[in-house]
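Participant: Below you'll find model_24.pdb; it's PDB, C-alpha atoms, pLDDT in the B column.
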```pdb
ATOM      1  CA  MET H 738     -43.375 -78.289 -48.494  1.00 54.00           C
ATOM      2  CA  MET H 739     -39.584 -78.293 -48.043  1.00 48.00           C
ATOM      3  CA  ARG H 740     -39.243 -80.034 -51.401  1.00 53.00           C
ATOM      4  CA  ILE H 741     -41.281 -77.286 -53.097  1.00 47.00           C
ATOM      5  CA  LEU H 742     -39.211 -74.572 -51.413  1.00 40.00           C
ATOM      6  CA  SER H 743     -35.978 -76.293 -52.463  1.00 42.00           C
ATOM      7  CA  VAL H 744     -37.118 -76.504 -56.084  1.00 37.00           C
ATOM      8  CA  LEU H 745     -38.201 -72.860 -55.995  1.00 40.00           C
ATOM      9  CA  LEU H 746     -34.850 -71.790 -54.556  1.00 40.00           C
ATOM     10  CA  ILE H 747     -32.930 -73.694 -57.213  1.00 42.00           C
ATOM     11  CA  TYR H 748     -35.141 -72.123 -59.886  1.00 41.00           C
ATOM     12  CA  LEU H 749     -34.597 -68.606 -58.567  1.00 41.00           C
ATOM     13  CA  CYS H 750     -30.839 -69.129 -58.323  1.00 44.00           C
ATOM     14  CA  SER H 751     -30.775 -70.456 -61.867  1.00 41.00           C
ATOM     15  CA  LEU H 752     -32.826 -67.498 -63.038  1.00 40.00           C
ATOM     16  CA  ASN H 753     -30.420 -65.120 -61.328  1.00 40.00           C
ATOM     17  CA  ALA H 754     -27.380 -66.758 -62.920  1.00 40.00           C
ATOM     18  CA  TRP H 755     -29.184 -66.860 -66.288  1.00 43.00           C
ATOM     19  CA  GLY H 756     -29.802 -63.134 -66.109  1.00 53.00           C
ATOM     20  CA  ASN H 757     -26.220 -62.263 -65.192  1.00 94.00           C
ATOM     21  CA  THR H 758     -24.370 -63.392 -68.270  1.00 98.00           C
ATOM     22  CA  LEU H 759     -22.019 -61.123 -70.173  1.00 98.00           C
ATOM     23  CA  LEU H 760     -21.363 -62.233 -73.746  1.00 98.00           C
ATOM     24  CA  VAL H 761     -18.237 -61.126 -75.612  1.00 98.00           C
ATOM     25  CA  VAL H 762     -18.548 -61.189 -79.412  1.00 98.00           C
ATOM     26  CA  GLY H 763     -15.195 -60.350 -80.900  1.00 98.00           C
ATOM     27  CA  ASP H 764     -12.325 -61.326 -83.155  1.00 97.00           C
ATOM     28  CA  SER H 765      -8.732 -62.440 -82.536  1.00 96.00           C
ATOM     29  CA  LEU H 766      -8.154 -59.536 -80.129  1.00 96.00           C
ATOM     30  CA  SER H 767     -10.567 -61.259 -77.750  1.00 97.00           C
ATOM     31  CA  ALA H 768     -10.372 -64.892 -78.854  1.00 96.00           C
ATOM     32  CA  GLY H 769      -6.976 -65.598 -77.305  1.00 92.00           C
ATOM     33  CA  TYR H 770      -4.990 -65.589 -80.565  1.00 93.00           C
ATOM     34  CA  GLN H 771      -2.091 -68.071 -80.423  1.00 89.00           C
ATOM     35  CA  MET H 772      -2.645 -68.819 -76.733  1.00 92.00           C
ATOM     36  CA  ARG H 773      -4.757 -71.123 -74.609  1.00 92.00           C
ATOM     37  CA  ALA H 774      -8.398 -70.046 -74.418  1.00 89.00           C
ATOM     38  CA  GLU H 775      -8.241 -69.680 -70.638  1.00 93.00           C
ATOM     39  CA  GLN H 776      -5.464 -67.079 -71.026  1.00 95.00           C
ATOM     40  CA  SER H 777      -7.657 -64.662 -73.011  1.00 96.00           C
ATOM     41  CA  TRP H 778      -8.834 -61.456 -71.357  1.00 97.00           C
ATOM     42  CA  PRO H 779     -12.573 -62.304 -71.566  1.00 97.00           C
ATOM     43  CA  VAL H 780     -11.988 -65.447 -69.480  1.00 97.00           C
ATOM     44  CA  LEU H 781      -9.953 -63.404 -66.994  1.00 97.00           C
ATOM     45  CA  LEU H 782     -12.657 -60.723 -66.981  1.00 98.00           C
ATOM     46  CA  GLN H 783     -15.021 -62.754 -64.812  1.00 97.00           C
ATOM     47  CA  PRO H 784     -12.724 -62.853 -61.726  1.00 97.00           C
ATOM     48  CA  ALA H 785     -11.710 -59.243 -62.376  1.00 97.00           C
ATOM     49  CA  LEU H 786     -15.362 -58.174 -62.226  1.00 97.00           C
ATOM     50  CA  LYS H 787     -15.926 -60.314 -59.139  1.00 95.00           C
ATOM     51  CA  GLN H 788     -13.198 -58.363 -57.348  1.00 93.00           C
ATOM     52  CA  GLN H 789     -15.293 -55.262 -58.008  1.00 90.00           C
ATOM     53  CA  GLY H 790     -18.393 -56.910 -56.530  1.00 93.00           C
ATOM     54  CA  HIS H 791     -20.053 -58.065 -59.759  1.00 96.00           C
ATOM     55  CA  GLU H 792     -21.094 -61.714 -59.888  1.00 95.00           C
ATOM     56  CA  ILE H 793     -21.325 -62.198 -63.647  1.00 97.00           C
ATOM     57  CA  THR H 794     -20.762 -65.207 -65.873  1.00 98.00           C
ATOM     58  CA  VAL H 795     -18.635 -64.214 -68.874  1.00 98.00           C
ATOM     59  CA  VAL H 796     -19.046 -66.177 -72.107  1.00 98.00           C
ATOM     60  CA  ASN H 797     -16.392 -65.608 -74.753  1.00 98.00           C
ATOM     61  CA  ALA H 798     -17.887 -66.142 -78.214  1.00 98.00           C
ATOM     62  CA  SER H 799     -15.005 -64.456 -80.057  1.00 98.00           C
ATOM     63  CA  ILE H 800     -13.532 -66.038 -83.186  1.00 97.00           C
ATOM     64  CA  SER H 801     -10.237 -65.071 -84.797  1.00 96.00           C
ATOM     65  CA  GLY H 802     -10.719 -63.533 -88.224  1.00 96.00           C
ATOM     66  CA  ASP H 803     -14.337 -62.532 -87.672  1.00 98.00           C
ATOM     67  CA  THR H 804     -15.670 -59.379 -89.291  1.00 98.00           C
ATOM     68  CA  THR H 805     -18.704 -57.338 -88.292  1.00 98.00           C
ATOM     69  CA  GLY H 806     -20.643 -59.328 -90.903  1.00 98.00           C
ATOM     70  CA  ASN H 807     -19.624 -62.617 -89.289  1.00 98.00           C
ATOM     71  CA  GLY H 808     -20.621 -61.289 -85.881  1.00 98.00           C
ATOM     72  CA  LEU H 809     -23.998 -60.140 -87.160  1.00 98.00           C
ATOM     73  CA  ALA H 810     -24.648 -63.555 -88.724  1.00 98.00           C
ATOM     74  CA  ARG H 811     -23.781 -65.411 -85.508  1.00 98.00           C
ATOM     75  CA  LEU H 812     -25.546 -63.057 -83.119  1.00 98.00           C
ATOM     76  CA  PRO H 813     -29.142 -64.416 -83.211  1.00 98.00           C
ATOM     77  CA  THR H 814     -27.995 -67.912 -82.263  1.00 98.00           C
ATOM     78  CA  LEU H 815     -25.725 -66.583 -79.517  1.00 98.00           C
ATOM     79  CA  LEU H 816     -28.508 -64.467 -78.025  1.00 98.00           C
ATOM     80  CA  GLN H 817     -30.905 -67.397 -78.059  1.00 97.00           C
ATOM     81  CA  GLN H 818     -28.346 -69.802 -76.616  1.00 97.00           C
ATOM     82  CA  HIS H 819     -26.916 -67.669 -73.801  1.00 97.00           C
ATOM     83  CA  LYS H 820     -29.729 -65.201 -72.993  1.00 97.00           C
ATOM     84  CA  PRO H 821     -27.159 -62.574 -71.914  1.00 98.00           C
ATOM     85  CA  ALA H 822     -27.897 -59.500 -69.859  1.00 98.00           C
ATOM     86  CA  TYR H 823     -24.930 -57.708 -71.450  1.00 98.00           C
ATOM     87  CA  VAL H 824     -23.099 -58.062 -74.762  1.00 98.00           C
ATOM     88  CA  ILE H 825     -19.705 -56.588 -75.580  1.00 98.00           C
ATOM     89  CA  ILE H 826     -19.129 -56.064 -79.304  1.00 98.00           C
ATOM     90  CA  GLU H 827     -15.421 -56.069 -80.151  1.00 98.00           C
ATOM     91  CA  LEU H 828     -15.455 -56.200 -83.942  1.00 98.00           C
ATOM     92  CA  GLY H 829     -14.311 -54.182 -86.924  1.00 97.00           C
ATOM     93  CA  ALA H 830     -10.534 -54.597 -86.975  1.00 95.00           C
ATOM     94  CA  ASN H 831     -10.646 -57.202 -89.746  1.00 96.00           C
ATOM     95  CA  ASP H 832     -13.113 -55.073 -91.721  1.00 96.00           C
ATOM     96  CA  GLY H 833     -10.740 -52.128 -91.467  1.00 94.00           C
ATOM     97  CA  LEU H 834      -7.638 -54.108 -92.398  1.00 91.00           C
ATOM     98  CA  ARG H 835      -9.463 -55.346 -95.493  1.00 92.00           C
ATOM     99  CA  GLY H 836     -10.627 -51.865 -96.423  1.00 91.00           C
ATOM    100  CA  PHE H 837     -14.353 -52.578 -96.144  1.00 94.00           C
ATOM    101  CA  PRO H 838     -16.640 -49.597 -96.867  1.00 95.00           C
ATOM    102  CA  GLN H 839     -17.555 -47.478 -93.881  1.00 95.00           C
ATOM    103  CA  GLY H 840     -21.263 -47.931 -94.599  1.00 96.00           C
ATOM    104  CA  THR H 841     -21.012 -51.727 -94.444  1.00 97.00           C
ATOM    105  CA  ILE H 842     -19.201 -51.687 -91.095  1.00 98.00           C
ATOM    106  CA  ARG H 843     -21.563 -49.127 -89.662  1.00 98.00           C
ATOM    107  CA  ASN H 844     -24.695 -50.984 -90.783  1.00 98.00           C
ATOM    108  CA  ASN H 845     -23.470 -54.312 -89.400  1.00 98.00           C
ATOM    109  CA  LEU H 846     -22.610 -52.830 -86.008  1.00 98.00           C
ATOM    110  CA  SER H 847     -25.866 -50.882 -85.916  1.00 98.00           C
ATOM    111  CA  GLN H 848     -27.895 -54.024 -86.608  1.00 98.00           C
ATOM    112  CA  MET H 849     -25.985 -55.917 -83.910  1.00 98.00           C
ATOM    113  CA  ILE H 850     -26.702 -53.221 -81.333  1.00 98.00           C
ATOM    114  CA  THR H 851     -30.385 -53.109 -82.278  1.00 98.00           C
ATOM    115  CA  GLU H 852     -30.762 -56.902 -82.124  1.00 98.00           C
ATOM    116  CA  ILE H 853     -29.132 -56.971 -78.682  1.00 98.00           C
ATOM    117  CA  GLN H 854     -31.442 -54.230 -77.429  1.00 98.00           C
ATOM    118  CA  ASN H 855     -34.476 -56.031 -78.876  1.00 98.00           C
ATOM    119  CA  ALA H 856     -33.401 -59.133 -76.924  1.00 97.00           C
ATOM    120  CA  ASP H 857     -33.621 -57.078 -73.698  1.00 97.00           C
ATOM    121  CA  ALA H 858     -29.841 -57.114 -73.284  1.00 98.00           C
ATOM    122  CA  LYS H 859     -27.499 -54.168 -72.888  1.00 98.00           C
ATOM    123  CA  PRO H 860     -24.901 -53.739 -75.666  1.00 98.00           C
ATOM    124  CA  MET H 861     -21.473 -52.214 -75.119  1.00 98.00           C
ATOM    125  CA  LEU H 862     -19.317 -51.235 -78.078  1.00 98.00           C
ATOM    126  CA  VAL H 863     -15.521 -51.399 -77.994  1.00 98.00           C
ATOM    127  CA  GLN H 864     -13.810 -48.594 -79.909  1.00 98.00           C
ATOM    128  CA  ILE H 865     -11.617 -50.068 -82.633  1.00 97.00           C
ATOM    129  CA  LYS H 866      -8.842 -48.316 -84.501  1.00 93.00           C
ATOM    130  CA  VAL H 867      -6.796 -49.538 -87.448  1.00 89.00           C
ATOM    131  CA  PRO H 868      -3.263 -48.740 -88.626  1.00 82.00           C
ATOM    132  CA  PRO H 869      -3.144 -46.031 -91.309  1.00 77.00           C
ATOM    133  CA  ASN H 870      -2.643 -48.629 -94.077  1.00 74.00           C
ATOM    134  CA  TYR H 871      -5.263 -46.997 -96.259  1.00 75.00           C
ATOM    135  CA  GLY H 872      -4.371 -43.404 -95.447  1.00 85.00           C
ATOM    136  CA  LYS H 873      -5.412 -41.040 -92.688  1.00 89.00           C
ATOM    137  CA  ARG H 874      -8.779 -40.303 -94.291  1.00 91.00           C
ATOM    138  CA  TYR H 875      -9.936 -43.916 -94.120  1.00 92.00           C
ATOM    139  CA  SER H 876      -8.492 -44.472 -90.623  1.00 92.00           C
ATOM    140  CA  ASP H 877     -10.204 -41.373 -89.245  1.00 93.00           C
ATOM    141  CA  MET H 878     -13.457 -42.245 -90.983  1.00 94.00           C
ATOM    142  CA  PHE H 879     -13.278 -45.789 -89.599  1.00 96.00           C
ATOM    143  CA  SER H 880     -12.581 -44.666 -86.030  1.00 96.00           C
ATOM    144  CA  SER H 881     -15.480 -42.183 -86.112  1.00 97.00           C
ATOM    145  CA  ILE H 882     -18.042 -44.956 -86.691  1.00 98.00           C
ATOM    146  CA  TYR H 883     -17.895 -46.075 -83.061  1.00 98.00           C
ATOM    147  CA  PRO H 884     -18.569 -42.818 -81.178  1.00 98.00           C
ATOM    148  CA  GLN H 885     -21.278 -41.946 -83.703  1.00 98.00           C
ATOM    149  CA  LEU H 886     -23.105 -45.235 -83.134  1.00 98.00           C
ATOM    150  CA  SER H 887     -22.602 -44.949 -79.384  1.00 98.00           C
ATOM    151  CA  LYS H 888     -24.340 -41.582 -79.388  1.00 98.00           C
ATOM    152  CA  GLU H 889     -27.088 -42.438 -81.876  1.00 98.00           C
ATOM    153  CA  LEU H 890     -28.044 -45.765 -80.287  1.00 98.00           C
ATOM    154  CA  ALA H 891     -27.416 -44.837 -76.631  1.00 97.00           C
ATOM    155  CA  THR H 892     -24.763 -47.522 -76.276  1.00 98.00           C
ATOM    156  CA  PRO H 893     -21.767 -47.321 -73.921  1.00 98.00           C
ATOM    157  CA  LEU H 894     -18.482 -46.899 -75.776  1.00 98.00           C
ATOM    158  CA  LEU H 895     -15.572 -48.793 -74.227  1.00 98.00           C
ATOM    159  CA  PRO H 896     -11.985 -47.704 -74.961  1.00 97.00           C
ATOM    160  CA  PHE H 897      -9.737 -49.484 -77.445  1.00 97.00           C
ATOM    161  CA  PHE H 898      -7.783 -51.656 -75.013  1.00 95.00           C
ATOM    162  CA  LEU H 899      -4.909 -52.206 -77.437  1.00 94.00           C
ATOM    163  CA  GLU H 900      -4.001 -48.520 -77.550  1.00 90.00           C
ATOM    164  CA  PRO H 901      -2.352 -48.259 -74.090  1.00 90.00           C
ATOM    165  CA  ILE H 902      -0.180 -51.355 -74.672  1.00 91.00           C
ATOM    166  CA  ILE H 903       0.653 -51.326 -78.372  1.00 84.00           C
ATOM    167  CA  LEU H 904       3.958 -49.525 -77.777  1.00 82.00           C
ATOM    168  CA  LYS H 905       5.012 -52.047 -75.113  1.00 88.00           C
ATOM    169  CA  GLN H 906       6.957 -54.440 -77.315  1.00 87.00           C
ATOM    170  CA  GLU H 907       7.222 -57.031 -74.550  1.00 92.00           C
ATOM    171  CA  TRP H 908       3.409 -57.306 -74.544  1.00 95.00           C
ATOM    172  CA  MET H 909       2.895 -57.422 -78.312  1.00 93.00           C
ATOM    173  CA  MET H 910       3.376 -60.298 -80.755  1.00 91.00           C
ATOM    174  CA  ASN H 911       5.793 -59.943 -83.632  1.00 88.00           C
ATOM    175  CA  ASP H 912       2.953 -59.009 -85.992  1.00 86.00           C
ATOM    176  CA  GLY H 913       2.457 -55.783 -84.034  1.00 84.00           C
ATOM    177  CA  LEU H 914      -1.307 -56.365 -84.004  1.00 88.00           C
ATOM    178  CA  HIS H 915      -2.020 -58.903 -81.272  1.00 94.00           C
ATOM    179  CA  PRO H 916      -1.261 -58.747 -77.548  1.00 94.00           C
ATOM    180  CA  LYS H 917       0.616 -61.651 -75.965  1.00 94.00           C
ATOM    181  CA  SER H 918      -0.711 -63.755 -73.116  1.00 93.00           C
ATOM    182  CA  ASP H 919       1.370 -61.601 -70.724  1.00 94.00           C
ATOM    183  CA  ALA H 920      -0.858 -58.627 -71.569  1.00 95.00           C
ATOM    184  CA  GLN H 921      -4.178 -60.406 -71.026  1.00 96.00           C
ATOM    185  CA  PRO H 922      -4.443 -59.939 -67.216  1.00 96.00           C
ATOM    186  CA  TRP H 923      -3.861 -56.198 -67.639  1.00 96.00           C
ATOM    187  CA  ILE H 924      -6.492 -56.006 -70.392  1.00 97.00           C
ATOM    188  CA  ALA H 925      -8.982 -57.870 -68.187  1.00 97.00           C
ATOM    189  CA  GLU H 926      -8.457 -55.437 -65.302  1.00 97.00           C
ATOM    190  CA  TYR H 927      -8.616 -52.441 -67.646  1.00 97.00           C
ATOM    191  CA  MET H 928     -11.842 -53.641 -69.246  1.00 97.00           C
ATOM    192  CA  ALA H 929     -13.394 -54.538 -65.886  1.00 97.00           C
ATOM    193  CA  GLU H 930     -12.835 -50.963 -64.687  1.00 96.00           C
ATOM    194  CA  ASN H 931     -14.466 -49.547 -67.811  1.00 97.00           C
ATOM    195  CA  ILE H 932     -17.351 -52.039 -67.905  1.00 97.00           C
ATOM    196  CA  ALA H 933     -18.288 -51.876 -64.208  1.00 96.00           C
ATOM    197  CA  PRO H 934     -20.139 -48.524 -64.377  1.00 95.00           C
ATOM    198  CA  TYR H 935     -22.578 -49.985 -66.917  1.00 96.00           C
ATOM    199  CA  LEU H 936     -23.480 -53.172 -65.027  1.00 94.00           C
TER     200      LEU H 936
END
```
What does this structure look like when you write it as structure tokens?
Facilitator:
Amino acid sequence: MMRILSVLLIYLCSLNAWGNTLLVVGDSLSAGYQMRAEQSWPVLLQPALKQQGHEITVVNASISGDTTGNGLARLPTLLQQHKPAYVIIELGANDGLRGFPQGTIRNNLSQMITEIQNADAKPMLVQIKVPPNYGKRYSDMFSSIYPQLSKELATPLLPFFLEPIILKQEWMMNDGLHPKSDAQPWIAEYMAENIAPYL
């Protein structure tokens, strides 16, 4: 009898842990660009959320250079492998820097959100903004994709975490696009505060 109860307890604990996974699908802004993987904000997010009373396993599936198309292609395997309860989508910067059409970016993100919802997980979309390399019209059009999708698909919109720190030169790499390892703990705390209400 005790053996059966022990097995049942282990099973229930495993089920609980299985159902409390947060998956981050992003690009170099989340992958820990030019730093050790354990220094990246998604890795630091797990203890930051724990401080707020949320026992969640964070899996960082971000890859530097990924576009929304890359994320969409990888998503089915990631959903099947990790069975997440929550998925943060942090993609689009590379699409914007390459001048991809708005429709392509929008469709890719929309499909990602829908696939996550169909997998009984909760998507969260990170607002992304790009430098005005292609003119104000494109930049504004690009930025508007995220709040539109958030509203249309009932998906929480998380703030662009780079915006509050981009002017802090001591926290930014020389390329002006990527935050240094020194900025990662702040980003983790900032994201934890914004994610917590949706957990």
Participant: Neighbouring residues of Thr794 (chain H) were defined as those with any atom within 8 Å, considering only C-alpha atoms; residues of the same chain fewer than 2 positions away were excluded. Please report them as a list in words.
Facilitator: Ala754, Asn757, Thr758, Leu759, Gln783, Glu792 and Val796 of chain H
Participant: Spell out the residues picked by the PyMOL selection byres ((chain H and resi 798) around 10) here, as a PDB file with C-alpha atoms, keeping the file's coordinate frame.
Facilitator:
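Result file is out.pdb:
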```pdb
ATOM      1  CA  LEU H 760     -21.363 -62.233 -73.746  1.00 98.00           C
ATOM      2  CA  VAL H 761     -18.237 -61.126 -75.612  1.00 98.00           C
ATOM      3  CA  VAL H 762     -18.548 -61.189 -79.412  1.00 98.00           C
ATOM      4  CA  GLY H 763     -15.195 -60.350 -80.900  1.00 98.00           C
ATOM      5  CA  ASP H 764     -12.325 -61.326 -83.155  1.00 97.00           C
ATOM      6  CA  SER H 767     -10.567 -61.259 -77.750  1.00 97.00           C
ATOM      7  CA  ALA H 768     -10.372 -64.892 -78.854  1.00 96.00           C
ATOM      8  CA  PRO H 779     -12.573 -62.304 -71.566  1.00 97.00           C
ATOM      9  CA  VAL H 795     -18.635 -64.214 -68.874  1.00 98.00           C
ATOM     10  CA  VAL H 796     -19.046 -66.177 -72.107  1.00 98.00           C
ATOM     11  CA  ASN H 797     -16.392 -65.608 -74.753  1.00 98.00           C
ATOM     12  CA  SER H 799     -15.005 -64.456 -80.057  1.00 98.00           C
ATOM     13  CA  ILE H 800     -13.532 -66.038 -83.186  1.00 97.00           C
ATOM     14  CA  GLY H 808     -20.621 -61.289 -85.881  1.00 98.00           C
ATOM     15  CA  ARG H 811     -23.781 -65.411 -85.508  1.00 98.00           C
ATOM     16  CA  LEU H 812     -25.546 -63.057 -83.119  1.00 98.00           C
ATOM     17  CA  LEU H 815     -25.725 -66.583 -79.517  1.00 98.00           C
TER      18      LEU H 815
END
```
Participant: Please enumerate the residues selected by the PyMOL selection byres ((chain H and resi 843-855) around 7) when evaluated against the supplied file, formatted as a list in words.
Facilitator: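 With the PyMOL selection byres ((chain H and resi 843-855) around 7) on this model, the match is Thr805, Gly806, Leu809, Gln839, Gly840, Thr841, Ile842, Ala856, Asp857, Ala858, Lys859, Pro860, Ile882 and Leu886 of chain H.
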Participant: Where does the PyMOL selection byres ((chain H and resi 927-929) around 12) land in this file, that is, which residues does it pick, as JSON, numbers by chain?
Facilitator: {"H": [759, 761, 767, 778, 779, 780, 781, 782, 783, 784, 785, 786, 787, 788, 789, 790, 791, 793, 795, 825, 827, 861, 862, 863, 864, 894, 895, 896, 897, 898, 899, 900, 901, 902, 920, 921, 922, 923, 924, 925, 926, 930, 931, 932, 933, 934, 935, 936]}
Participant: What's the 12 Å shell around Lys905 (chain H), counting all atoms listed in the file, without same-chain residues fewer than 6 positions away, as a list in words?
Facilitator: Leu899, Asn911, Gly913, Leu914, His915, Pro916, Lys917, Asp919 and Ala920 of chain H
Participant: Find the distance between CA of Arg773 (chain H) and CA of Ser918 (chain H) and write it in Å to one decimal.
Facilitator: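 Value for the CA of Arg773 (chain H)-CA of Ser918 (chain H) distance: 8.5 Å.
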Participant: Find, counting all atoms listed in the file, the residue in H:Lys888, H:Pro868, H:Met878, H:Met910 that gets nearest to Leu766 (chain H).
Facilitator: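 Under the stated criterion, the closest residue is H:Met910.
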Participant: Using only C-alpha atoms and a cutoff of 9 Å, can you tell me which residues are near (-7.7, -54.6, -88.3) in the file's coordinates, and write them out as a PyMOL selection string?
Facilitator: chain H and resi 829-835+865-868+914
Participant: Could you check how far CA of Leu828 (chain H) sits from CA of Gln906 (chain H), in Å to one decimal?
Facilitator: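 Going from CA of Leu828 (chain H) over to CA of Gln906 (chain H), I get 23.4 Å.
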Participant: Tell me, in Å to one decimal, how far CA of Gly836 (chain H) is from CA of Pro869 (chain H).
Facilitator: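 A separation of 10.8 Å between them.
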Participant: Please determine, counting all atoms listed in the file, which residue among H:Ser801, H:Thr892, H:Arg874, H:Ile903 has the shortest atom-to-atom distance to Met772 (chain H).
Facilitator: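 The shortest atom-to-atom distance to Met772 (chain H) comes from H:Ser801.
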Participant: Extending 8 Å beyond the listed atoms of region 765-775 of chain H on each side, what axis-aligned box results? I want centre and edge lengths in Å to one decimal, as AutoDock Vina command-line options.
Facilitator:
```
--center_x -6.3 --center_y -65.3 --center_z -76.6 --size_x 24.5 --size_y 27.6 --size_z 27.9
```
Participant: Would it be fine to have region 758-790 of chain H, with C-alpha atoms, given as a PDB file, in the first residue's frame?
Facilitator:
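The resulting decode.pdb:
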```pdb
ATOM      1  CA  THR H 758       6.910  24.985 -17.384  1.00  0.00           C
ATOM      2  CA  LEU H 759       7.426  28.363 -19.006  1.00  0.00           C
ATOM      3  CA  LEU H 760       9.051  28.192 -22.434  1.00  0.00           C
ATOM      4  CA  VAL H 761      10.900  31.182 -23.891  1.00  0.00           C
ATOM      5  CA  VAL H 762      11.144  31.200 -27.696  1.00  0.00           C
ATOM      6  CA  GLY H 763      13.295  34.107 -28.742  1.00  0.00           C
ATOM      7  CA  ASP H 764      16.345  35.375 -30.573  1.00  0.00           C
ATOM      8  CA  SER H 765      19.699  36.803 -29.457  1.00  0.00           C
ATOM      9  CA  LEU H 766      17.973  39.216 -27.058  1.00  0.00           C
ATOM     10  CA  SER H 767      17.002  36.181 -24.985  1.00  0.00           C
ATOM     11  CA  ALA H 768      19.633  33.621 -25.974  1.00  0.00           C
ATOM     12  CA  GLY H 769      22.467  35.167 -23.971  1.00  0.00           C
ATOM     13  CA  TYR H 770      24.330  36.684 -26.937  1.00  0.00           C
ATOM     14  CA  GLN H 771      28.105  36.657 -26.357  1.00  0.00           C
ATOM     15  CA  MET H 772      27.747  35.472 -22.758  1.00  0.00           C
ATOM     16  CA  ARG H 773      27.409  32.207 -20.885  1.00  0.00           C
ATOM     17  CA  ALA H 774      23.950  30.663 -21.204  1.00  0.00           C
ATOM     18  CA  GLU H 775      23.395  30.777 -17.446  1.00  0.00           C
ATOM     19  CA  GLN H 776      23.840  34.575 -17.517  1.00  0.00           C
ATOM     20  CA  SER H 777      20.852  35.138 -19.828  1.00  0.00           C
ATOM     21  CA  TRP H 778      17.696  36.700 -18.415  1.00  0.00           C
ATOM     22  CA  PRO H 779      15.458  33.658 -19.102  1.00  0.00           C
ATOM     23  CA  VAL H 780      17.697  31.497 -16.889  1.00  0.00           C
ATOM     24  CA  LEU H 781      17.615  34.190 -14.199  1.00  0.00           C
ATOM     25  CA  LEU H 782      13.840  34.483 -14.604  1.00  0.00           C
ATOM     26  CA  GLN H 783      13.130  31.261 -12.726  1.00  0.00           C
ATOM     27  CA  PRO H 784      14.567  32.451  -9.360  1.00  0.00           C
ATOM     28  CA  ALA H 785      13.062  35.898  -9.946  1.00  0.00           C
ATOM     29  CA  LEU H 786       9.604  34.343 -10.308  1.00  0.00           C
ATOM     30  CA  LYS H 787      10.213  32.134  -7.278  1.00  0.00           C
ATOM     31  CA  GLN H 788      10.792  35.253  -5.182  1.00  0.00           C
ATOM     32  CA  GLN H 789       7.280  36.306  -6.182  1.00  0.00           C
ATOM     33  CA  GLY H 790       5.847  32.949  -5.095  1.00  0.00           C
TER      34      GLY H 790
END
```
